[in-house]
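Participant: Quick one: the structure is below, questions incoming.
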2 protein chains.
Amino acid sequence: MTEYDLPLAARQPYTWGNADTPGHLPAAAADALAVLGAVPTDPPVPAKDAHVPDTALPATATAELAAMLGANRLTCEHAARVEHTRGYSTTDLLTLRGGDASDAPDAVVFPGSTEDVVAVLDICSRHRIAVVPYAGGTSVVGGLTPARDGFAGVLAMDLRRLNRLVHIDAVSRTAVLQAGMRGVTAEQLLGERGYTLGHFPQSYEMATIGGYAAARSAGQSSAGYGRFDEMVVGLTLATARGPLSLGAAPMSSAGPDLRQLVLGSEGAFGVITSVTARIRPTPAARVFEGWRFDSFAEGATALRALAQDGPLPTVLRLSDEAETAINLADPGAAGSAGAGGCLAVVGYEGTEEWVAATRADATKRLLEHGGTQQGEPAGERWRTGRFRGPYLRDPLLDAGVLVETMETATFWSGLPALKAAVTEAVQGALGVPGLVMCHISHVYETGASLYFTVVAKQTEDPVRQWRRAKTAALAAIDEHGAAVSHHHGVGTDHRAALEQQLGPIGTDLLRAIKASLDPAGVLNPGVLIG
Amino acid sequence: MTEYDLPLAARQPYTWGNADTPGHLPAAAADALAVLGAVPTDPPVPAKDAHVPDTALPATATAELAAMLGANRLTCEHAARVEHTRGYSTTDLLTLRGGDASDAPDAVVFPGSTEDVVAVLDICSRHRIAVVPYAGGTSVVGGLTPARDGFAGVLAMDLRRLNRLVHIDAVSRTAVLQAGMRGVTAEQLLGERGYTLGHFPQSYEMATIGGYAAARSAGQSSAGYGRFDEMVVGLTLATARGPLSLGAAPMSSAGPDLRQLVLGSEGAFGVITSVTARIRPTPAARVFEGWRFDSFAEGATALRALAQDGPLPTVLRLSDEAETAINLADPGAAGSAGAGGCLAVVGYEGTEEWVAATRADATKRLLEHGGTQQGEPAGERWRTGRFRGPYLRDPLLDAGVLVETMETATFWSGLPALKAAVTEAVQGALGVPGLVMCHISHVYETGASLYFTVVAKQTEDPVRQWRRAKTAALAAIDEHGAAVSHHHGVGTDHRAALEQQLGPIGTDLLRAIKASLDPAGVLNPGVLIG
């Protein structure tokens with residue numbers, strides 16, 4: 001029995017989340033799909049039949065790894081290789097559904113400590129084996145498909161054994177969490193002790209602490225709890241040269257903040273093995289409610305007012321007219337916001353007093369900015385339905401629909417033009433009429449994120465179809481000087497766009513950092529930086 | 001006439017601040033000085049008589065620089081060289097007061113644009129001339145005394161011409177400020193337009209925007225406005241290879257946050273030429289008040305309660321028993337807190353409603369935590385006297401007193417042990433009985449800063465006396481795993497301590513970053529990283 005046989009993940013390869021609760025399209029979706037003209041696709045090739053190349057790993061390297069970790073902590077089994085192939089972008093899924101697992105790693109290892117990780121990296125550096133750090137596997141930007149050229153093989157390093165809550169400092173309100181721990185598990189263990197991270201990205205059911213840090217994740221409660229990178233006060237990065245521990249204090253002026261280099265490093269500089277994160281007491285009270293604005297512009301102005309002048313709720317989110325009309329976030333209630341306009345979700349979590357006072361104050365300001373209250377059921381429907389969204393992609397793909405998301409961020413003054421430009425670019429590149437919906441889900445004093453959901457009929461080659469749309473969107477983002485990604489990361493999909501934005505000086509800087517920490521260049525080659 | 005003749009700084013070399021308002025010791029200080037046994041020192045050697053070495057700059061390089069910038073933008077005059085010698089640490093002042101300006105730059109240049117800076121760096125890279133970026137000149141950690149060995153000379157690059165408020169984005173609430181602008185000027189220009197940065201370090205009268213960013217400054221209002229590094233959303237860094245512009249959005253997941261590498265880079269990677277900073281409306285209301293706690297431990301618990309559970313005032317500061325007794329922060333009122341205990345200053349700035357509501361809530365919590373109200377006069381005395389503190393060092397040095405400050409930060413749970421260890425280390429290393437006072441002036445959810453003021457009789461070699469004390473303090477900081485600096489920076493004084501804390505992997509990483517951005521290694525050699 002290998003570690004792989006441990007029933008740690010209930011999911012199946014290339015469908016989202018818990019296999020016991022698959023997604024089903026609501027009846028109301030049928031009309032929309034009919035309008036798109038989508039035609040159901042062939043059923044996916046089962047994972048067991050997916051094509052993987054022969055394992056290329058040199059026998060000497062395999063023997064060294066097995067000797068170091070133990071034979072049951074290395075596997076070349078077909079199922080394990082397929083499970084560790086690619087992530088959860090729509091192009092990843094389309095590729096895998098077609099039975100193409102040619103990007104499969106040659107083997108999967110299961111290190112149990114920072115020392116194990118260092119030793120694996122040392123072995124792989126000597127044998128020139130590419131290493132893909134793997135935890136939740138939820139990358140939607142090609143973060144799990146490193147370059148293979150010039151390498152003796154590709155090893156997936158599954159971090160599921162790094163699964164401990166190491167320490168809670170109740171006075172400082174920090175917790176040391178190992179990187180392979182899923183967000184769900186972290187919340188459960190912290191919750192038993194009266195704490196929460198307050199980090200709930202839509203990938204919550206699968207994503208891990210290490211992935212949150214490596215990709216600079218942002219969750220639905222970012223207005224109140226901050227992004228994950230804002231929660232991190234310390235990290236341990238395992239490199240081929242040994243571990244690097246960072247975070248002597250909450251903040252410091254002892255040179256550049258090297259934590260901010262590890263955050264967002266996407267496994268290309270080293271492997272994050274533990275994170276020290278700020279924790280907060282479990283909130284005693286919670287209220288989520290719906291608001292309606294006549295237009296996205298009006299709603300955005302209201303959100304900006306709260307972000308800049310307060311009070312800041314815990315959750316602040318605004319769907320545009322298209323997203324509100326489709327009511328994608330709330331499929332069970334499609335049509336309930338039929339009065340048009342834009343739906344906002346505003347949530348408050350904290351002590352009873354804080355929730356009451358903040359809600360009263362925010363309500364006043366939202367009313368001043370033209371909002372109309374839609375009540376708690378609209379907010380609660382969103383909150384409880386929130387993590388079901390990703391489950392819908394599987395049946396949509398079955399139905400022949402291309403569905404994918406992308407996101408960016410900019411300063412408030414540039415938001416309207418950026419939204420229009422990305423929408424137009426994507427619509428012009430899909431090859432068929434498509435629906436481009438958008439929402440703001442993360443706000444700052446100086447700007448906000450824009451999150452787009454794209455739905456269209458799949459054309460003959462849907463992978464190319466999406467690549468064209470994405471390339472057009474990235475060109476629009478570049479033209480507006482906006483962020484290449486707000487919380488999905490770079491991976492391989494955004495690498496060229498990042499290099500374009502950074503220019504040669506910034507790009508060389510990233511390469512120099514990688515060369516210092518990963519001298520053999522085996523860590524996630526081609527991810528983040530080429 | 002050179003740029004140097006422009007009356008941009010009213011200060012004299014090696015005395016603090018505005019020469020028209022020198023510091024005078026209050027009468028009450030005489031008793032304390034008598035207890036220390038301090039003996040007045042010889043008067044300082046006038047700046048005009050200070051010894052500077054012959055200018056070593058190669059004539060070809062001088063000609064190239066003059067041709068590029070204009071002859072009136074380069075000077076080798078004695079006065080200019082002395083003015084740009086060293087910074088404002090006590091050891092800097094002691095050295096200069098003794099007439100030793102052997103660390104003087106060979107020449108001073110006055111670039112007027114990012115392009116100028118890039119061109120100067122290119123020339124200096126080719127001629128292997130060390131470059132010291134110079135703006136406010138307020139480093140207290142040896143940030144202006146680079147290594148000279150192996151260089152053809154040292155050039156001070158004075159940024160005073162980079163003095164423009166380039167742009168205000170009122171919607172996004174950001175301002176683009178050039179790096180050579182003093183904080184005072186920035187506040188004046190922003191104030192005329194209804195905004196503030198809210199950044200008021202004790203160096204405020206002299207320090208600049210670029211220095212704030214390069215050294216990760218923190219000001220008195222950090223609880224409300226954040227540290228300066230938290231205000232920065234974009235920067236331009238001039239390197240010998242060209243400019244690097246960073247900051248496409250408030251936050252991003254497009255890889256590591258490279259802004260956080262430029263923040264804290266202390267002129268060793270490039271020259272920050274402009275900063276895009278978050279601005280806020282000028283506060284309509286302000287209240288500062290004094291509070292008293294029976295002990296530092298009790299006061300720290302109260303501050304922690306506000307930092308963790310709110311509400312967060314704009315200013316939160318707690319002096320320990322020793323500092324409260326001396327009442328250094330409020331010399332005009334020495335003895336007014338004679339009831340013993342610890343004085344806290346709590347300040348609120350914002351809208352009338354926010355100040356009223358936050359103050360009411362914070363007052364309740366501070367009372368719950370054992371605080372007793374000392375009224376607004378105690379707070380106002382601190383607020384208005386705050387920037388006079390640094391002026392007192394000059395007459396104290398005249399009086400034969402060694403006076404210097406140092407600071408660190410750690411997580412809340414480690415604060416008491418760190419404070420005790422640093423105090424003991426310094427007292428044991430001064431060679432004479434000394435007074436070590438401490439305050440908390442910057443709080444976070446997970447920890448806080450500790451700021452120490454040390455007062456003792458100068459022994460025969462006060463420079464060595466302080467170095468011994470500082471070395472002992474840094475050893476204690478290292479032993480407790482705390483920050484090498486919370487807001488003063490690294491410079492040359494903390495470099496060894498930073499390298500010790502980072503270890504070889506982190507230290508090599510900083511070197512690799514420097515090598516990428518400053519391939520000739522001419523920028524502030526030996527500052528931040530060796």
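Going through the structure tokens in order, the chains are called A, B, and so on, while each chain numbers its residues from 1 and the ligands are numbered from 1 in the order shown.
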When DSSP is applied to the backbone of this structure, which of range 352-480 of chain A are assigned strand (DSSP E or B)? Write them out as a PyMOL selection string.

Facilitator: chain A and resi 372-375+401-411+434-440+443+447-457

Participant: Which neighbours of range 156-171 of chain A fall inside 7 Å, counting only C-alpha atoms, when residues of the same chain fewer than 4 positions from it are skipped, and could you give them as a CSV table (one decimal) with C-alpha atoms, in the first residue's frame?

Facilitator:
chain,number,residue,atom,x,y,z
A,84,HIS,CA,-1.6,14.4,-10.3
A,105,PRO,CA,4.2,13.1,-13.8
A,107,ALA,CA,6.0,9.4,-10.4
A,108,VAL,CA,4.5,10.8,-7.3
A,109,VAL,CA,6.3,11.1,-3.9
A,110,PHE,CA,4.9,11.8,-0.5
A,111,PRO,CA,7.4,13.6,1.8
A,112,GLY,CA,6.6,13.9,5.4
A,113,SER,CA,8.7,16.7,6.6
A,131,VAL,CA,9.6,18.7,-9.5
A,132,VAL,CA,5.9,19.8,-9.3
A,133,PRO,CA,4.9,20.7,-5.7
A,134,TYR,CA,1.3,19.3,-5.5
A,135,ALA,CA,-1.2,19.9,-2.7
A,175,ALA,CA,-1.1,29.4,14.1
A,176,VAL,CA,1.6,27.3,12.4
A,177,LEU,CA,0.0,25.2,9.8
A,178,GLN,CA,1.7,22.7,7.5
A,179,ALA,CA,1.4,23.4,3.8
A,180,GLY,CA,-0.4,20.2,2.7
A,181,MET,CA,-3.4,20.8,5.0
B,412,TRP,CA,3.0,39.7,21.5
B,413,SER,CA,3.9,36.5,23.4

Participant: Do me a favour and pick out the residues of chain A within 7 Å of chain B, using only C-alpha atoms, as number ranges by chain.

Facilitator: A: 171-174, 215-216, 244, 248-257, 260-265, 278, 409-413, 444, 446-447, 481-490, 498, 505-506, 508-509, 512-513, 516, 528

Participant: Residues at most 8 Å from Val82 in chain B, counting only C-alpha atoms, excluding those fewer than 6 positions away in the same chain, as a PyMOL selection string?

Facilitator: chain B and resi 13+47+50+52+101+104

Participant: With only C-alpha atoms as the counted atoms, please give the residues lying no more than 12 Å from Met437 in chain A, apart from itself and same-chain residues fewer than 5 positions off, as a PyMOL selection string.

Facilitator: chain A and resi 296+318-329+342+403-407+419-420+422-424+426-427+450-456

Participant: Could you write out that same residue set with C-alpha atoms as a PDB file, in the first residue's frame?

Facilitator:
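Final output, part.pdb:
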ATOM      1  CA  PHE A 296     -22.801  48.357 -12.034  1.00  0.00           C
ATOM      2  CA  LEU A 318     -21.196  43.184  -6.714  1.00  0.00           C
ATOM      3  CA  SER A 319     -22.395  41.331  -9.808  1.00  0.00           C
ATOM      4  CA  ASP A 320     -22.834  43.241 -13.030  1.00  0.00           C
ATOM      5  CA  GLU A 321     -26.083  43.346 -14.994  1.00  0.00           C
ATOM      6  CA  ALA A 322     -25.253  40.223 -17.006  1.00  0.00           C
ATOM      7  CA  GLU A 323     -24.265  38.128 -13.999  1.00  0.00           C
ATOM      8  CA  THR A 324     -27.274  39.367 -12.053  1.00  0.00           C
ATOM      9  CA  ALA A 325     -29.636  38.489 -14.894  1.00  0.00           C
ATOM     10  CA  ILE A 326     -28.266  34.967 -15.204  1.00  0.00           C
ATOM     11  CA  ASN A 327     -28.052  34.759 -11.437  1.00  0.00           C
ATOM     12  CA  LEU A 328     -25.230  32.334 -11.784  1.00  0.00           C
ATOM     13  CA  ALA A 329     -24.357  32.759  -8.160  1.00  0.00           C
ATOM     14  CA  CYS A 342     -27.071  44.588 -10.172  1.00  0.00           C
ATOM     15  CA  VAL A 403     -17.351  27.868 -19.286  1.00  0.00           C
ATOM     16  CA  GLU A 404     -14.325  29.487 -17.711  1.00  0.00           C
ATOM     17  CA  THR A 405     -13.357  32.320 -15.420  1.00  0.00           C
ATOM     18  CA  MET A 406     -10.560  34.854 -15.327  1.00  0.00           C
ATOM     19  CA  GLU A 407      -9.777  37.804 -13.131  1.00  0.00           C
ATOM     20  CA  LYS A 419     -14.142  45.940 -17.575  1.00  0.00           C
ATOM     21  CA  ALA A 420     -15.382  47.141 -20.958  1.00  0.00           C
ATOM     22  CA  VAL A 422     -11.847  42.763 -21.342  1.00  0.00           C
ATOM     23  CA  THR A 423     -15.498  42.041 -22.078  1.00  0.00           C
ATOM     24  CA  GLU A 424     -15.164  43.259 -25.643  1.00  0.00           C
ATOM     25  CA  VAL A 426     -13.307  38.098 -25.000  1.00  0.00           C
ATOM     26  CA  GLN A 427     -16.568  38.456 -26.895  1.00  0.00           C
ATOM     27  CA  LEU A 450     -12.766  42.187 -11.590  1.00  0.00           C
ATOM     28  CA  TYR A 451     -13.790  38.561 -11.974  1.00  0.00           C
ATOM     29  CA  PHE A 452     -15.186  37.426 -15.325  1.00  0.00           C
ATOM     30  CA  THR A 453     -17.209  34.312 -16.064  1.00  0.00           C
ATOM     31  CA  VAL A 454     -17.455  33.390 -19.727  1.00  0.00           C
ATOM     32  CA  VAL A 455     -20.077  31.064 -21.172  1.00  0.00           C
ATOM     33  CA  ALA A 456     -20.349  30.098 -24.825  1.00  0.00           C
TER      34      ALA A 456
END

Participant: Can you list, as JSON, numbers by chain, every protein, DNA or RNA residue that comes within 12 Å of Leu96 in chain A when you count only C-alpha atoms, leaving out same-chain residues fewer than 4 positions away?

Facilitator: {"A": [13, 14, 15, 43, 44, 45, 46, 47, 48, 49, 50, 51, 52, 82, 83, 84, 85, 86, 87, 88, 89, 90, 91, 92, 100, 101, 102, 103, 104, 463]}

Participant: Those residues with N, CA and C atoms, as a short mmCIF file (atom, residue, chain, number, x, y, z; two decimals), in the first residue's frame please?

Facilitator:
data_model
loop_
_atom_site.label_atom_id
_atom_site.label_comp_id
_atom_site.auth_asym_id
_atom_site.auth_seq_id
_atom_site.Cartn_x
_atom_site.Cartn_y
_atom_site.Cartn_z
N PRO A 13 -10.49 12.13 -10.26
CA PRO A 13 -9.72 12.99 -11.15
C PRO A 13 -10.65 13.75 -12.09
N TYR A 14 -10.31 14.92 -12.38
CA TYR A 14 -10.97 15.88 -13.26
C TYR A 14 -12.49 16.04 -13.18
N THR A 15 -13.02 15.83 -12.00
CA THR A 15 -14.31 16.45 -11.70
C THR A 15 -14.10 17.19 -10.39
N PRO A 43 -19.07 11.59 -23.79
CA PRO A 43 -18.72 11.48 -22.36
C PRO A 43 -17.20 11.46 -22.18
N PRO A 44 -16.72 11.93 -21.04
CA PRO A 44 -15.28 11.95 -20.80
C PRO A 44 -14.68 10.54 -20.84
N VAL A 45 -13.47 10.45 -21.32
CA VAL A 45 -12.73 9.18 -21.23
C VAL A 45 -12.48 8.91 -19.75
N PRO A 46 -12.82 7.74 -19.23
CA PRO A 46 -12.58 7.47 -17.81
C PRO A 46 -11.10 7.62 -17.46
N ALA A 47 -10.85 8.03 -16.24
CA ALA A 47 -9.48 8.27 -15.81
C ALA A 47 -8.61 7.04 -16.01
N LYS A 48 -9.19 5.87 -15.76
CA LYS A 48 -8.39 4.64 -15.86
C LYS A 48 -7.93 4.37 -17.29
N ASP A 49 -8.61 4.98 -18.25
CA ASP A 49 -8.23 4.77 -19.66
C ASP A 49 -7.41 5.93 -20.23
N ALA A 50 -7.13 6.93 -19.40
CA ALA A 50 -6.38 8.08 -19.92
C ALA A 50 -4.98 7.65 -20.35
N HIS A 51 -4.53 8.29 -21.40
CA HIS A 51 -3.20 7.96 -21.90
C HIS A 51 -2.12 8.68 -21.11
N VAL A 52 -1.21 7.94 -20.54
CA VAL A 52 -0.03 8.55 -19.92
C VAL A 52 1.20 7.95 -20.60
N VAL A 82 -2.32 9.94 -13.10
CA VAL A 82 -3.43 10.70 -13.70
C VAL A 82 -4.00 11.69 -12.69
N GLU A 83 -4.14 11.26 -11.45
CA GLU A 83 -4.69 12.18 -10.45
C GLU A 83 -3.84 13.42 -10.30
N HIS A 84 -2.54 13.29 -10.51
CA HIS A 84 -1.63 14.43 -10.33
C HIS A 84 -1.33 15.15 -11.64
N THR A 85 -2.15 14.89 -12.66
CA THR A 85 -1.96 15.54 -13.95
C THR A 85 -2.79 16.81 -14.05
N ARG A 86 -2.15 17.89 -14.33
CA ARG A 86 -2.83 19.16 -14.58
C ARG A 86 -3.68 19.62 -13.38
N GLY A 87 -4.34 20.77 -13.57
CA GLY A 87 -5.16 21.31 -12.49
C GLY A 87 -6.61 21.41 -12.91
N TYR A 88 -7.25 22.51 -12.60
CA TYR A 88 -8.68 22.64 -12.80
C TYR A 88 -9.08 23.80 -13.70
N SER A 89 -8.21 24.22 -14.58
CA SER A 89 -8.68 25.16 -15.59
C SER A 89 -9.57 24.39 -16.56
N THR A 90 -10.40 25.11 -17.28
CA THR A 90 -11.26 24.43 -18.25
C THR A 90 -10.44 23.74 -19.33
N THR A 91 -9.35 24.36 -19.75
CA THR A 91 -8.51 23.69 -20.75
C THR A 91 -7.87 22.44 -20.17
N ASP A 92 -7.50 22.47 -18.89
CA ASP A 92 -7.01 21.25 -18.23
C ASP A 92 -8.08 20.16 -18.30
N ASP A 100 -6.39 12.62 -22.60
CA ASP A 100 -4.99 13.01 -22.80
C ASP A 100 -4.36 13.39 -21.46
N ALA A 101 -3.60 12.45 -20.89
CA ALA A 101 -2.86 12.74 -19.65
C ALA A 101 -1.36 12.70 -19.97
N SER A 102 -1.03 13.22 -21.14
CA SER A 102 0.38 13.17 -21.56
C SER A 102 1.27 14.06 -20.68
N ASP A 103 0.65 14.96 -19.93
CA ASP A 103 1.42 15.78 -19.00
C ASP A 103 1.58 15.12 -17.63
N ALA A 104 1.22 13.87 -17.53
CA ALA A 104 1.29 13.20 -16.23
C ALA A 104 2.72 13.19 -15.71
N VAL A 463 -10.39 24.04 -26.65
CA VAL A 463 -9.15 24.46 -25.98
C VAL A 463 -8.57 25.67 -26.71
#

Participant: To test your reading of the structure, identify every residue in range 283-352 of chain A that backbone DSSP assigns to helix (DSSP H, G or I), and report it as a PyMOL selection string.

Facilitator: chain A and resi 296-309+321-326+331-333+352

Participant: What's the 9 Å shell around Ala61 in chain A, counting only C-alpha atoms, without same-chain residues fewer than 2 positions away, as an MDAnalysis selection string?

Facilitator: chainID A and resid 57:59 63:66 123:124 126:127 129

Participant: Generate the output file for the selected residues, N, CA, C and O atoms, as a compact mmCIF listing (two decimals), in the first residue's frame.

Facilitator:
# COMPACT_ATOMS: atom_id res chain seq x y z
N LEU A 57 11.43 8.21 -15.50
CA LEU A 57 12.36 8.48 -14.40
C LEU A 57 13.55 7.51 -14.42
O LEU A 57 13.35 6.30 -14.51
N PRO A 58 14.78 8.01 -14.30
CA PRO A 58 15.93 7.10 -14.26
C PRO A 58 15.82 6.17 -13.05
O PRO A 58 15.45 6.63 -11.96
N ALA A 59 16.16 4.92 -13.23
CA ALA A 59 16.03 3.92 -12.16
C ALA A 59 16.89 4.30 -10.96
O ALA A 59 16.50 4.07 -9.81
N ALA A 63 15.43 4.76 -7.23
CA ALA A 63 15.98 3.99 -6.11
C ALA A 63 16.42 4.91 -4.98
O ALA A 63 16.14 4.64 -3.80
N GLU A 64 17.05 6.01 -5.33
CA GLU A 64 17.49 6.96 -4.29
C GLU A 64 16.30 7.53 -3.54
O GLU A 64 16.32 7.66 -2.31
N LEU A 65 15.27 7.91 -4.30
CA LEU A 65 14.07 8.49 -3.68
C LEU A 65 13.39 7.48 -2.77
O LEU A 65 12.99 7.80 -1.64
N ALA A 66 13.26 6.25 -3.26
CA ALA A 66 12.59 5.21 -2.47
C ALA A 66 13.40 4.88 -1.22
O ALA A 66 12.83 4.67 -0.15
N ILE A 123 18.04 15.35 -4.47
CA ILE A 123 18.13 14.21 -5.40
C ILE A 123 17.71 14.65 -6.81
O ILE A 123 18.39 14.36 -7.80
N CYS A 124 16.59 15.35 -6.89
CA CYS A 124 16.09 15.76 -8.21
C CYS A 124 17.02 16.78 -8.87
O CYS A 124 17.17 16.78 -10.10
N ARG A 126 20.24 16.80 -8.57
CA ARG A 126 21.39 16.03 -9.08
C ARG A 126 21.03 15.24 -10.32
O ARG A 126 21.85 15.10 -11.23
N HIS A 127 19.81 14.72 -10.37
CA HIS A 127 19.39 13.90 -11.52
C HIS A 127 18.67 14.71 -12.57
O HIS A 127 18.18 14.15 -13.55
N ILE A 129 15.70 16.19 -12.48
CA ILE A 129 14.29 15.79 -12.56
C ILE A 129 13.44 16.99 -12.16
O ILE A 129 13.65 17.58 -11.10

Participant: Would you mind listing what lies within 8 Å of Arg359 in chain B as a ChimeraX atom specification, with only C-alpha atoms counted and same-chain residues fewer than 4 positions away left out?

Facilitator: /B:313,348,355,363

Participant: What is the CA of Arg148 in chain B-CA of Asp106 in chain B distance in Å, reported with one decimal?

Facilitator: 10.7 Å

Participant: For each of B:Asp20, B:Asp31, B:Glu368, B:Asp42, take the minimum atom-to-atom distance to Asp398 in chain B, counting only C-alpha atoms, then give the residue where this is smallest.

Facilitator: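 Among B:Asp20, B:Asp31, B:Glu368, B:Asp42, it is B:Asp42 that comes nearest to Asp398 in chain B.
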